[in-house]
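Report on one structure; see the data block that follows.
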Amino acid sequence: MASLVSQGERVPKTLKLFIGGEFPRTESGRSFPVYDQDSKKVFAQLCQASRKDFRNAIAASLKACEQWQQRTAYNRAQILYRMAEMTEGHREDMVSVLKSTSGVNAQTAENSIDQVVDAFVYYAGFCDKYSQLSGCVNPVNGPHHAFTTPEPVGCVDCLFDDDMGAAAALPLVASTLASIITSGSVVTALLPTAAAAQIASLGEIFATSDLPKGVVNLLTGNRSELIDHMASHMEVQSVCYVGSDRAVKEKLKTLGAENMKRVVWRELHANAADTNENLRLENILSFVEYKTVWHPVGN
Amino acid sequence: MTTKRAQKKSSPAVTSITQKTRLSGAEAPRFEYAPSVQSSDFVQIEKRNGLFIGGKFVEPKSGRYFATINPATGEKLAEISEASADDVDLAVKTARKAYVNVWSKISAKERGRYLFRIARLIQERSRELAVLETIDNGKPIRESRDVDVPLVAAHFFYHAGWADKLHYAFPGQTIAPLGVVGQVIPWNFPLLMAAWKIAPALACGNTVVLKPAETTSLSVLRLAQIFQEAGLPDGVVNLVTGAGATGSALVGHSDINKVAFTGSTEVGKIIARAVAGTNKRLTLELGGKSAHIIFEDAALDQALEGVINGIYFNQGHVCCAGSRLLLEESIAKDFIDKLKRRLTKLRVGNPLDKNTDIGAINSEGELKKIKKLIQLGCDEGGELYEPKTCKIPEKGYFQRPCFFSNVSSSFTLSRVEIFGPVLTISTFRTPQEAVLKANDTPYGLAAGVWSEKGAKIHKVAGALKAGVVWANTYNKFDPSAPFGGYNESGWGREGGRHGLMAYLDVK
């Protein structure tokens, strides 16, 4: 009997969660299979994250929040650009996962990774620009210097529709996460099934880009099981929903009202792959709060 | 030289008076202020007030009226219509018709012209509006005259100018009005809140149905007269008066495109849930429990005035009131002593008297709520200071200014919005601790910080989780300065370029 090694089989990667810069298994010990496209061959077993995993992720992101916010815009920009560089390093892996799990051809898969790189580069360039575009000095009627600047909203969680194509899902995830962290917010995302198998590559990109631990946390699992917790966690300031299900939006808004969460709905239309929608200033500004500071002018 | 000698000569006498004052306040010479009451007889109040729908004052279909009272005397001022769901429906339909047929058809320039004209008329009738506001709300005439009404005019004037320049506000994007907006405002700044809501809505091309608070409809209805005088097309602004049921009929109406609400966080959450399943846009200005931080290196006398203004302005009925005073430990004792002295000088009484610092609490219900919270503060172990020398009128709803010291974050008083002249005081040792305590609240509307060190001010202002930070000042407002809260203090901003987003569809 030939051994695995003699057959030249690679060691398969175990796909785990990405929380606080580490790769833990779900505490629940549960998993769900992802198959090779159109076959019954299991590509990998993914973690089915529990409520506890989600809460751990939020705890990790809260720890990272202040640190990330206090980095200079220039430094955040460098780190986002580093994410693009690291994506290039994982390109082969990501293309191969895309091809196996979704059946897209090499060209489409490469294109999808290009868009991920584009998104990281695009938002890297925005880190030190969005505040000039959205802040201002207010010409108030009196001897005061009053200025308004955007600040990161804080702790964000993020969920997606599951039924989008894998080639479109990956850039959508990357651009959404990048737009949230650009201003200094932190994010915990439940990946859509279509992109779930990329969790290892994405996690490794974030883990090796000098991004402080916990700024991005990634989960895989069952949305219907986690949505209530994601909508009602009291230390989450904003929940982002990328999808087209109005019932999901309503649920997030209803449950989120308990702590007045900002519900950001990026409604997906037929052209979900439209990169113009992925790369916009408004995607950053959906996750900021405006602060107005007054100071007297005089002797 | 003569003066100097004279001073020297008189100094023993001065000393003895000072000593006497310290020994016994009763023997010290007291100089009472002679009343200086603003006349109010020139302000006519209709005995019975209709709804303002389609440019006319109309009887409510409900046929029901309720009384509005003068909180300084407890006497009834007039009857106000109670708008039923049918009345609200008529108002919304009228606003829709005005939007489709008139307001969306006229040029942006023309929209602006109406708003400019309204601003001018407000200035012309400013004293009448101020008196009416003071009578119906209970706030001191000095505030309604010098703060509220000038800001009301400024809000219309500022937004008038935006009407034909909106495309500059959002370059590279397409903008459109939302349609009909439903607005619900509170009783603490009736006219000013109406201006904050109506002016940007109209400038951006929307039509309005607004509900004032049930205890303060009169000044807002007077604004409707000004709209008539300005020739504002019928139905562009409609006013439905009433209480909570009227408000929920408006918020729940299927033909409004946007809801704007200013009021308590509790009601804000109800509204947020009510519109969750709809396409209605929503902005909310909700409650606050704003921290006011005084560092030892602050200009302490100025800071003291800032604290007084922060919590006792408008009887403390201010969503952004600096209700949690955080004092650096090294100056806490002295500062509290100064504060006690200052409190004895505040004059509580007739809101129409120009000497009055603190007017009437807006309603009996609010006064009861405040008193209950003060009692709770005592029960939880807070040290209450209330100037005993402070006289309050026998009639009407009044509350002496007061504060609680030695209050920790776990006290109910530190967490809930009191909305009255009640301050809580705690101390800190480091800037980090000050920021931590300031941010330890579900709210995030405003904060104050006092220090003469520029670097420290900027650092602390940056770390405070609040939509407005007043550094070395407090309670400043301007139509060009965005106002609004973080977290449970609401969604969106009012004022400035950012405030326009609340009334436009920007794509």
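Note on naming: chains are A, B, ... as they come in the structure tokens, residues start from 1 per chain, ligands start from 1 in the order shown.
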
10 Å contact set for B:Gly382, only C-alpha atoms, chain neighbours under 2 positions out, as a VMD selection string: chain B and resid 374 to 380 384 to 385 403 to 408 411 413 424 to 425

Near-stretch 255-267 of chain A list (10 Å; only C-alpha atoms; drop same-chain fewer than 2 positions) as a PyMOL selection string: (chain A and resi 153+156-158+160+176+227-246+248-253+269+272+277-278+283+286-288) or (chain B and resi 265-266+268-273+276+284+442-443+486-492)

Test item: residues at most 6 Å from stretch 458-473 of chain B, only C-alpha atoms, excluding those fewer than 6 positions along its chain, as number ranges by chain: A: 291-295; B: 306, 439, 444-450, 484-486

Selection near B:Val147, 10 Å with only C-alpha atoms, sequence-local residues under 6 positions removed, as a ChimeraX atom specification: /B:130,141,192,476-477

DSSP helix (DSSP H, G or I) residues within stretch 59-276 of chain A, listed as an MDAnalysis selection string: chainID A and resid 59:70 73:89 91:102 106:126 130:134 166:182 193:196 199:207 223:232 246:259 275:276
